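J.: Below is one structure. I have some questions about it.
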Amino acid sequence: MQIRLGQVADEGLLKTVWRKEVRPALRSMTFGNINLAPDPLHYAGYEWGLETLVAALARDLRLGRYAPERGEIVRAAKAKGLSRPLCFLATRDALVYSAITWLARAELMTDAQAWVGVAHSDKGSPGAKIDDEAGDSFDWFRFWLARQGHILQMVDDDSVNFFVESDIANFYPSIRLEAIREHLHSRTSLEKEVVRLCVQIIDGVMPRRDYSEVSLMGLPQEQIGSSRDIAHSLLLHVDKAFETEGAQGRYTRFMDDILVGVKTPQDGFACISRLQRSLEALGLYPNAAKTTVTKVGDYLTESMVATNAAIDRVGHELEKHSQGIPHVISAPPELVADLEKLSREHRDAEPRPKRWSRVTRRIYTLHRKADVRDWWAYWRDDISTDPGSAKSILEFVRSWPLDHRTAVDLANLSVTYGDLYADVSLLAAETMVSAPVGRDEELWSAIFDICKNELGRLVVDAPRIPERERLAAAWLLAAWKYANEAQRRSVLSKIPSESDAVSAVRVQALPLLVAAGQSLSEWVSAKPGLAWENALAAEYLRSLQDGEDRAVGVALNLLNPELRLAPQRYVILPRSLPLIDIVGRSASTRLGDAAPRILAKLQKNPERLRDHRSEAIISRWCL
């Protein structure tokens with residue numbers, strides 16, 4: 001039975017997809033999958049108007065009036081000046097795109113074999129389980145290999161002496177629209193109108209160069225994961241070409257990372273040739289720089305299997321010492337010493353294997369969970385060496401209270417990398433706004449000055465360099481959080497008068513203006529032409545100012561601290577903080593009832609993870 005347009009336009013489905021897939025992804029705080037082009041209110045307006053919005057969207061889909069908007073490209077660091085263009089879709093487009101892949105997901109994954117994976121949960125053998133009763137005799141080396149697809153089976157195979165390793169050059173941007181269209185027609189039961197809609201979204205959200213009729217950037221690498229389903233399914237054609245090797249346990253693929261076990265280098269070259277031909281049928285090509293034939297022993301050394309196995313062992317032991325809510329790890333001295341020894345040996349490795357940086361990220365994760373700061377002196381240089389590691393390393397940084405030196409270093413990251421890798425500047429600002437911080441008004445004022453200066457630097461060129469608008473919006477929020485009332489008025493005055501209605505920094509200022517008691521109507525009418533999502537945010541803010549019951553309920557729900565991140569802590573989403581003062585003015589009784597509960601949750605965090613600035617903002621409204 002065909003999947004028809006009416007199913008995509010079903011209001012119940014759209015609400016389900018919003019709640020289960022889209023909203024959680026858009027509100028994620030984890031740097032590994034954070035939304036780098038967020039709504040100024042964490043989608044409070046969308047939540048408030050969901051019934052009306054979904055009904056209108058469903059009607060537009062059925063009547064053929066729906067049209068996607070251009071997505072926002074944020075360049076994420078790779079290395080050597082190269083970046084990955086991430087595409088952040090307008091919320092409505094993300095919802096429709098996700099609804100289509102939700103309906104087609106089972107068909108897209110039909111014929112997917114056990115030796116391929118698309119999500120981290122797909123990696124490894126189902127039989128790879130930890131045996132605590134084995135104690136020191138448990139083989140962590142083999143356990144780690146068993147978690148990496150069929151690698152352990154290949155290592156145990158006497159006929160496998162070499163590994164062919166490859167990935168796909170410029171994978172997402174190289175996927176052609178025509179290949180996607182043909183694939184959806186052949187692999188799914190989507191009716192032709194739904195395939196057209198899906199392709200229209202893919203083509204419509206990607207930017208054009210020099211007024212090109214079609215986008216030249218392929219499949220959008222978006223934050224929800226819809227493109228990932230399609231991209232993975234496309235490569236089932238490649239898996240088919242290596243079906244014999246897969247059945248023999250000599251082929252494994254995780255997304256576009258491919259590994260084949262062979263007996264001789266000549267066999268390896270033959271595999272590479274087959275891989276190239278199978279990819280060419282899709283208009284794709286192997287990455288020449290990363291396609292190698294390597295001895296098994298050399299591959300294991302370059303993959304740092306022994307170190308990865310030790311990380312798994314230490315991580316497993318640490319979890320045994322996790323207790324309470326929030327979960328806090330209290331590692332015994334001998335386990336901390338074990339981690340410190342592992343970390344020193346990794347730092348001292350010479351020459352550094354190919355995957356040294358990737359393993360370094362895993363050790364940073366252990367350090368933040370175990371409250372070990374041995375590597376604090378290295379984090380700046382490690383980002384400089386490998387900007388692509390910024391997500392993992394800045395998660396480490398925001399696991400301890402922010403101080404003046406760290407705030408200066410974060411601003412310097414933005415200055416150094418903002419124009420090259422926008423994500424590094426954005427992540428630095430997010431670290432500033434979401435890190436724990438002590439109760440120190442002088443420190444807060446100093447952090448405000450640092451953020452204000454970086455905001456000022458960015459907004460000078462923002463009208464001329466649109467990419468800086470997004471960076472400035474992130475640093476505006478950070479400056480606002482640490483500012484006192486007078487400082488908040490001064491920072492809002494820094495927004496350039498020439499910025500237009502769709503300026504990210506101007507849009508982020510909407511809730512900040514309302515929180516400061518300024519006129520929203522004057523601000524909006526001064527620059528007409530808000531995008532519909534931002535107009536929705538403005539309408540929500542007006543309703544919130546008026547004390548409308550549902551608007552206040554949405555705000556209070558958003559202000560409820562939730563357990564997030566690792567180490568775990570109660571957190572209020574940063575862009576919801578301005579709602580506190582707005583609700584305080586329009587519904588003081590309701591906030592007065594809720595504020596003590598909000599504050600009590602935040603105060604449950606271990607001292608190392610307490611955000612005293614957010615607590616101070618809340619405490620003003622406790623009755």
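Here's how to read the names in the structure tokens: chain A, B, ... by the order shown, residue numbers from 1 in each chain, ligand numbers from 1 in the order shown.
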Identify, on the basis of only C-alpha atoms, every residue whose closest approach to Lys320 in chain A does not exceed 10 Å; exclude the query and any residue fewer than 3 positions from it along the same chain; express the result as a PyMOL selection string.

T.: chain A and resi 315-317+323+329-331

J.: With a distance cut-off of 9 Å and only C-alpha atoms, select the neighbouring residues of Met255 in chain A, excluding the residue or stretch itself and same-chain residues fewer than 2 positions from it, and output the selection as an mmCIF file with N, CA and C atoms, in the first residue's frame.

T.:
```cif
data_model
loop_
_atom_site.group_PDB
_atom_site.id
_atom_site.type_symbol
_atom_site.label_atom_id
_atom_site.label_comp_id
_atom_site.auth_asym_id
_atom_site.auth_seq_id
_atom_site.Cartn_x
_atom_site.Cartn_y
_atom_site.Cartn_z
ATOM 1 N N VAL A 116 26.056 -3.789 9.018
ATOM 2 C CA VAL A 116 26.089 -2.350 8.743
ATOM 3 C C VAL A 116 25.323 -1.626 9.835
ATOM 4 N N GLY A 117 25.633 -0.339 10.022
ATOM 5 C CA GLY A 117 24.968 0.432 11.065
ATOM 6 C C GLY A 117 24.879 1.891 10.693
ATOM 7 N N VAL A 118 23.879 2.573 11.275
ATOM 8 C CA VAL A 118 23.684 4.003 11.036
ATOM 9 C C VAL A 118 23.705 4.783 12.339
ATOM 10 N N ALA A 119 23.284 4.152 13.443
ATOM 11 C CA ALA A 119 23.295 4.796 14.756
ATOM 12 C C ALA A 119 24.336 4.115 15.627
ATOM 13 N N ASP A 167 36.373 5.639 3.256
ATOM 14 C CA ASP A 167 35.088 6.308 3.423
ATOM 15 C C ASP A 167 34.794 7.058 2.127
ATOM 16 N N ARG A 228 20.097 11.323 7.416
ATOM 17 C CA ARG A 228 20.918 10.160 7.763
ATOM 18 C C ARG A 228 20.235 8.866 7.333
ATOM 19 N N ALA A 231 20.619 8.686 3.503
ATOM 20 C CA ALA A 231 22.005 8.444 3.100
ATOM 21 C C ALA A 231 22.421 7.008 3.391
ATOM 22 N N HIS A 232 22.059 6.521 4.566
ATOM 23 C CA HIS A 232 22.395 5.141 4.925
ATOM 24 C C HIS A 232 21.740 4.163 3.958
ATOM 25 N N LEU A 235 23.387 3.593 0.601
ATOM 26 C CA LEU A 235 24.594 2.769 0.584
ATOM 27 C C LEU A 235 24.303 1.281 0.696
ATOM 28 N N ARG A 253 30.302 -1.893 7.748
ATOM 29 C CA ARG A 253 30.145 -0.473 7.400
ATOM 30 C C ARG A 253 29.384 0.224 8.512
ATOM 31 N N ASP A 257 31.797 4.811 6.724
ATOM 32 C CA ASP A 257 33.103 4.227 7.062
ATOM 33 C C ASP A 257 33.062 2.737 6.757
ATOM 34 N N ILE A 258 33.937 2.313 5.863
ATOM 35 C CA ILE A 258 33.886 0.945 5.337
ATOM 36 C C ILE A 258 35.186 0.220 5.675
#
```

J.: Using DSSP on the backbone, list every residue of range 122-257 of chain A that comes out as strand (DSSP E), and give them as a list in words.

T.: Phe162, Phe163, Val164, Glu165, Ser166, Tyr251, Thr252, Arg253, Phe254 and Asp257 of chain A

J.: I'd like to know which of A:Glu69, A:Ser226, A:Leu300, A:Ile618 is closest to Trp144 in chain A, using only C-alpha atoms.

T.: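 Of A:Glu69, A:Ser226, A:Leu300, A:Ile618, the one nearest Trp144 in chain A, counting only C-alpha atoms, is A:Leu300.
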
J.: Find the spatial neighbours of Tyr46 in chain A, counting only C-alpha atoms, within a cut-off of 12 Å - ignore same-chain residues fewer than 2 positions away - and output them as a VMD selection string.

T.: chain A and resid 15 18 to 19 22 to 23 26 39 to 44 48 to 54 90 to 92 95 532 to 541 551 554 to 555

J.: Please identify all polymer residues within 12 Å of Leu512 in chain A, counting only C-alpha atoms, omitting same-chain residues fewer than 3 positions from it, and present them as a count of residues only.

T.: 40

J.: From the DSSP assignment of the backbone, select every residue of range 7-52 of chain A that is alpha helix (DSSP H), and format the answer as a list in words.

T.: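 Reading the DSSP output for range 7-52 of chain A, alpha helix (DSSP H) covers Gln7, Val8, Glu11, Gly12, Leu13, Leu14, Lys15, Thr16, Val17, Arg23, Pro24, Ala25, Leu26, Ala44, Gly45, Tyr46, Glu47, Trp48, Leu50, Glu51 and Thr52 of chain A.
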
J.: Keeping only N, CA and C atoms, write the selected residues to a file as a short mmCIF file (atom, residue, chain, number, x, y, z; two decimals), in the first residue's frame.

T.:
```cif
data_model
loop_
_atom_site.label_atom_id
_atom_site.label_comp_id
_atom_site.auth_asym_id
_atom_site.auth_seq_id
_atom_site.Cartn_x
_atom_site.Cartn_y
_atom_site.Cartn_z
N GLN A 7 -1.26 10.99 4.48
CA GLN A 7 -0.65 10.45 5.69
C GLN A 7 0.42 11.40 6.24
N VAL A 8 1.19 12.01 5.35
CA VAL A 8 2.18 13.00 5.77
C VAL A 8 1.47 14.19 6.42
N GLU A 11 -2.58 15.31 11.07
CA GLU A 11 -2.24 16.15 12.21
C GLU A 11 -1.71 15.33 13.39
N GLY A 12 -2.30 14.16 13.60
CA GLY A 12 -1.84 13.31 14.69
C GLY A 12 -0.41 12.85 14.49
N LEU A 13 -0.08 12.49 13.24
CA LEU A 13 1.30 12.07 12.94
C LEU A 13 2.26 13.23 13.15
N LEU A 14 1.91 14.41 12.65
CA LEU A 14 2.80 15.56 12.77
C LEU A 14 3.07 15.89 14.24
N LYS A 15 2.05 15.79 15.09
CA LYS A 15 2.25 16.04 16.52
C LYS A 15 3.13 14.98 17.15
N THR A 16 2.95 13.73 16.75
CA THR A 16 3.78 12.64 17.29
C THR A 16 5.23 12.83 16.90
N VAL A 17 5.46 13.15 15.64
CA VAL A 17 6.83 13.35 15.17
C VAL A 17 7.46 14.55 15.87
N ARG A 23 11.21 17.92 18.50
CA ARG A 23 11.42 18.74 19.70
C ARG A 23 12.62 18.29 20.53
N PRO A 24 12.79 16.99 20.82
CA PRO A 24 13.97 16.59 21.60
C PRO A 24 15.28 16.97 20.93
N ALA A 25 15.34 16.83 19.60
CA ALA A 25 16.58 17.18 18.89
C ALA A 25 16.83 18.68 18.93
N LEU A 26 15.79 19.48 18.75
CA LEU A 26 15.96 20.93 18.72
C LEU A 26 16.35 21.49 20.09
N ALA A 44 9.30 27.74 22.45
CA ALA A 44 8.13 27.94 23.31
C ALA A 44 6.93 28.39 22.48
N GLY A 45 7.17 29.28 21.49
CA GLY A 45 6.08 29.73 20.64
C GLY A 45 5.46 28.60 19.86
N TYR A 46 6.30 27.70 19.38
CA TYR A 46 5.80 26.56 18.61
C TYR A 46 4.96 25.66 19.51
N GLU A 47 5.42 25.45 20.73
CA GLU A 47 4.68 24.61 21.69
C GLU A 47 3.34 25.26 22.04
N TRP A 48 3.36 26.56 22.22
CA TRP A 48 2.15 27.31 22.57
C TRP A 48 1.11 27.24 21.46
N LEU A 50 0.93 24.97 18.92
CA LEU A 50 1.10 23.73 18.17
C LEU A 50 -0.18 23.31 17.44
N GLU A 51 -1.31 23.35 18.11
CA GLU A 51 -2.55 22.90 17.48
C GLU A 51 -2.83 23.70 16.21
N THR A 52 -2.76 25.01 16.32
CA THR A 52 -3.05 25.88 15.18
C THR A 52 -2.01 25.71 14.08
#
```

J.: Which residues come within 8 Å of range 415-432 of chain A, counting only C-alpha atoms, excluding same-chain residues fewer than 6 positions away, as a ChimeraX atom specification?

T.: /A:31,36,74-77,81,83,387,390-391,394-395,397-398,402,407,454,467-468,471,474-475,478

J.: In Å, rounded to a single decimal, give me how far CA of Leu366 in chain A is from CA of His327 in chain A.

T.: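 Here the two named atoms are 14.6 Å from each other.
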
J.: Enter the distance from CA of Ala114 in chain A to CA of Trp140 in chain A, in Å, rounded to one decimal.

T.: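 Pair CA of Ala114 in chain A / CA of Trp140 in chain A returns 22.4 Å.
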
J.: Just the number, please: distance in Å from CA of Pro286 in chain A to CA of Arg274 in chain A, one decimal.

T.: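 The value is 10.7 Å.
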
J.: Measuring between only C-alpha atoms, which one of A:Leu89, A:Tyr66, A:Phe141, A:Ala79 shows the shortest distance to Thr385 in chain A?

T.: A:Ala79

J.: For a quick check of understanding, using only C-alpha atoms, which of A:Trp400, A:Leu563, A:Ser543, A:Ile168 has the smallest distance to Arg610 in chain A?

T.: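 Closest to Arg610 in chain A of all the choices is A:Trp400.
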